[in-house]
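See below for the structure under consideration.
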Amino acid sequence: MRLKFLRSSFRGLLPKYFAEEGGGVDVERFLERGDVKGYLKALRKAPRSTSRVVEGMNDINKEELDRYVDVSTCDYLVDYISPTAPSKYDPSSDEPNYAADTKVWVKHQCVPFLDASRSNRWARAFWVPGGKGKTWGEYCLLRRREHDE
């Protein structure tokens, strides 16, 4: 299972996986033997996938379309549900409320998340028991319904 991105209203550069190359260093093999010097020697000779210029990256935060996958390929999805999110699923929206598509997705787990743009700044800065002025959304891990059946 690998983390991928769905297209949304964000139009900047998203992270990309490092190249997976053969010849990597098997850390466990060296740790079992307690061979730190051997590990460091092998590490120096290993291919450096994290230090080379990677295709599809840029220094101007320009969107690269190869980062996105189609939602139909996802088994799980992490979605932010804003307090102002529409209660119906609209697939043509830039920010669809996937959790509202209950024919396809089921909420596996949700956690509250403070919506800073809709909360009073003083209420955010200072916690007061029973205090008002905070608005909450939620992040939900959604699971494709086919996995439940």
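Ligands are numbered from 1 in the order shown, chains are lettered A, B, ... in the order of the structure tokens, and residues start at 1 in each chain.
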
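Using only C-alpha atoms, the contacts of segment 84-100 of chain A at a cut-off of 10 Å, with sequence neighbours closer than 4 positions omitted, comprise Leu6, Arg7, Ser8, Ser9, Phe10, Val71, Leu77, Val78, Asp79, Tyr80, Val104, Trp105, Val106, Lys107, Arg118, Gly137, Cys140, Leu141, Leu142 and Arg143 of chain A.
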
Using only C-alpha atoms, which protein or nucleic acid residues come within 7 Å of Ser119 of chain A? Drop anything in the same chain fewer than 3 positions from it, and give the result as a CSV table (one decimal) with N, CA, C and O atoms, in the first residue's frame.
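Output below, filename out07.csv:
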chain,number,residue,atom,x,y,z
A,115,ASP,N,-10.7,23.9,12.8
A,115,ASP,CA,-10.7,24.7,11.5
A,115,ASP,C,-10.3,26.1,11.9
A,115,ASP,O,-11.1,27.0,12.3
A,116,ALA,N,-9.0,26.4,11.7
A,116,ALA,CA,-8.4,27.7,12.2
A,116,ALA,C,-9.1,28.9,11.4
A,116,ALA,O,-9.3,29.9,12.0
A,124,ARG,N,-8.5,30.0,19.9
A,124,ARG,CA,-7.4,29.0,19.4
A,124,ARG,C,-6.2,29.1,20.3
A,124,ARG,O,-5.5,28.2,20.6
A,133,GLY,N,-16.2,29.6,20.5
A,133,GLY,CA,-15.5,30.3,19.4
A,133,GLY,C,-14.6,29.4,18.6
A,133,GLY,O,-13.9,29.8,17.6
A,134,LYS,N,-14.6,28.1,18.8
A,134,LYS,CA,-13.8,27.1,18.0
A,134,LYS,C,-14.7,26.4,17.1
A,134,LYS,O,-15.8,26.0,17.5
A,135,THR,N,-14.3,26.2,15.9
A,135,THR,CA,-15.1,25.4,14.9
A,135,THR,C,-14.2,24.2,14.5
A,135,THR,O,-13.0,24.4,14.2

Requested in this report: Quick one: pick out all helix (DSSP H, G or I) residues within segment 26-137 of chain A from a backbone DSSP run and write them as a PyMOL selection string.
Outcome: chain A and resi 27-33+36-45+65-67+71-73+98-100+116-118+121-125

Output N, CA and C atoms for every residue in that selection, as a CSV table (one decimal), in the first residue's frame.
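Listed below is the output, result.csv:
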chain,number,residue,atom,x,y,z
A,27,VAL,N,19.9,-3.4,6.1
A,27,VAL,CA,20.3,-3.0,7.4
A,27,VAL,C,20.2,-4.1,8.4
A,28,GLU,N,19.1,-4.9,8.3
A,28,GLU,CA,18.9,-6.0,9.3
A,28,GLU,C,20.1,-7.0,9.3
A,29,ARG,N,20.6,-7.3,8.1
A,29,ARG,CA,21.7,-8.3,8.0
A,29,ARG,C,22.9,-7.8,8.8
A,30,PHE,N,23.2,-6.5,8.7
A,30,PHE,CA,24.4,-6.0,9.4
A,30,PHE,C,24.1,-5.8,10.9
A,31,LEU,N,22.9,-5.5,11.2
A,31,LEU,CA,22.6,-5.3,12.7
A,31,LEU,C,22.6,-6.6,13.4
A,32,GLU,N,22.1,-7.7,12.7
A,32,GLU,CA,22.2,-9.0,13.4
A,32,GLU,C,23.6,-9.4,13.7
A,33,ARG,N,24.6,-9.1,12.9
A,33,ARG,CA,26.0,-9.4,13.1
A,33,ARG,C,26.7,-8.4,14.0
A,36,VAL,N,28.8,-2.7,12.4
A,36,VAL,CA,28.6,-1.3,12.1
A,36,VAL,C,29.5,-0.9,11.0
A,37,LYS,N,30.8,-1.2,11.0
A,37,LYS,CA,31.8,-0.8,10.0
A,37,LYS,C,31.4,-1.4,8.6
A,38,GLY,N,31.0,-2.6,8.6
A,38,GLY,CA,30.6,-3.2,7.3
A,38,GLY,C,29.3,-2.5,6.8
A,39,TYR,N,28.4,-2.1,7.7
A,39,TYR,CA,27.2,-1.4,7.2
A,39,TYR,C,27.6,-0.1,6.6
A,40,LEU,N,28.4,0.7,7.3
A,40,LEU,CA,28.8,2.0,6.8
A,40,LEU,C,29.6,1.9,5.5
A,41,LYS,N,30.4,0.9,5.3
A,41,LYS,CA,31.1,0.7,4.1
A,41,LYS,C,30.2,0.4,2.9
A,42,ALA,N,29.2,-0.5,3.2
A,42,ALA,CA,28.2,-0.8,2.2
A,42,ALA,C,27.3,0.3,1.8
A,43,LEU,N,27.0,1.1,2.8
A,43,LEU,CA,26.2,2.3,2.6
A,43,LEU,C,26.9,3.3,1.7
A,44,ARG,N,28.2,3.5,1.8
A,44,ARG,CA,28.9,4.4,1.0
A,44,ARG,C,28.9,4.0,-0.5
A,45,LYS,N,28.9,2.7,-0.7
A,45,LYS,CA,28.9,2.1,-2.1
A,45,LYS,C,27.5,2.0,-2.7
A,65,LEU,N,1.4,16.8,-12.9
A,65,LEU,CA,0.2,16.0,-13.0
A,65,LEU,C,0.4,14.5,-12.7
A,66,ASP,N,1.7,14.0,-12.8
A,66,ASP,CA,1.9,12.6,-12.6
A,66,ASP,C,1.8,12.1,-11.1
A,67,ARG,N,1.5,13.1,-10.2
A,67,ARG,CA,1.4,12.7,-8.8
A,67,ARG,C,0.0,12.2,-8.5
A,71,VAL,N,-9.6,8.2,-8.3
A,71,VAL,CA,-10.2,7.7,-7.0
A,71,VAL,C,-10.6,6.3,-7.1
A,72,SER,N,-10.9,5.8,-8.3
A,72,SER,CA,-11.4,4.4,-8.5
A,72,SER,C,-10.3,3.4,-8.2
A,73,THR,N,-9.0,3.8,-8.1
A,73,THR,CA,-7.9,2.9,-7.8
A,73,THR,C,-7.6,2.9,-6.3
A,98,TYR,N,-16.1,13.0,-0.1
A,98,TYR,CA,-16.1,11.6,-0.4
A,98,TYR,C,-16.9,10.9,0.7
A,99,ALA,N,-16.8,11.3,1.9
A,99,ALA,CA,-17.5,10.7,3.0
A,99,ALA,C,-19.0,10.7,2.8
A,100,ALA,N,-19.5,11.6,2.1
A,100,ALA,CA,-21.0,11.7,1.8
A,100,ALA,C,-21.4,10.6,0.7
A,116,ALA,N,-9.0,26.4,11.7
A,116,ALA,CA,-8.4,27.7,12.2
A,116,ALA,C,-9.1,28.9,11.4
A,117,SER,N,-9.4,28.7,10.2
A,117,SER,CA,-9.9,29.9,9.4
A,117,SER,C,-11.3,30.2,9.9
A,118,ARG,N,-12.0,29.3,10.5
A,118,ARG,CA,-13.4,29.6,11.0
A,118,ARG,C,-13.5,29.7,12.5
A,121,ARG,N,-9.5,33.7,16.9
A,121,ARG,CA,-8.0,33.5,17.2
A,121,ARG,C,-7.7,33.4,18.7
A,122,TRP,N,-8.5,34.1,19.5
A,122,TRP,CA,-8.3,34.0,21.0
A,122,TRP,C,-8.7,32.7,21.5
A,123,ALA,N,-9.8,32.1,21.0
A,123,ALA,CA,-10.2,30.8,21.4
A,123,ALA,C,-9.2,29.7,21.0
A,124,ARG,N,-8.5,30.0,19.9
A,124,ARG,CA,-7.4,29.0,19.4
A,124,ARG,C,-6.2,29.1,20.3
A,125,ALA,N,-5.9,30.4,20.7
A,125,ALA,CA,-4.6,30.6,21.5
A,125,ALA,C,-4.7,30.2,22.9

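Minimum atom-to-atom distances from A:Lys16, A:Lys4, A:Arg11, A:Arg145 to Val69 of chain A were compared using only C-alpha atoms, and the lowest value belongs to A:Lys4.
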
Query raised in the report: What separation in Å, quoted to one decimal, exists between atom CA of Tyr17 of chain A and atom CA of Val54 of chain A?
Result: 9.8 Å

Query raised in the report: Which parts of chain A does DSSP call strand (DSSP E) when run on the backbone here, written out as an NGL selection string?
Result: :A and (76-81 or 105-114 or 136-144)

Report summary line: From atom CA of Arg2 of chain A to atom CA of His108 of chain A the spacing works out at 17.9 Å

Query raised in the report: Hey, which of A:Ile81, A:Leu3, A:Val128, A:Leu13 ends up closest to Glu63 of chain A? Count only C-alpha atoms.
Result: A:Leu13

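One finds atom CA of Phe113 of chain A at 28.3 Å from atom CA of Glu64 of chain A.
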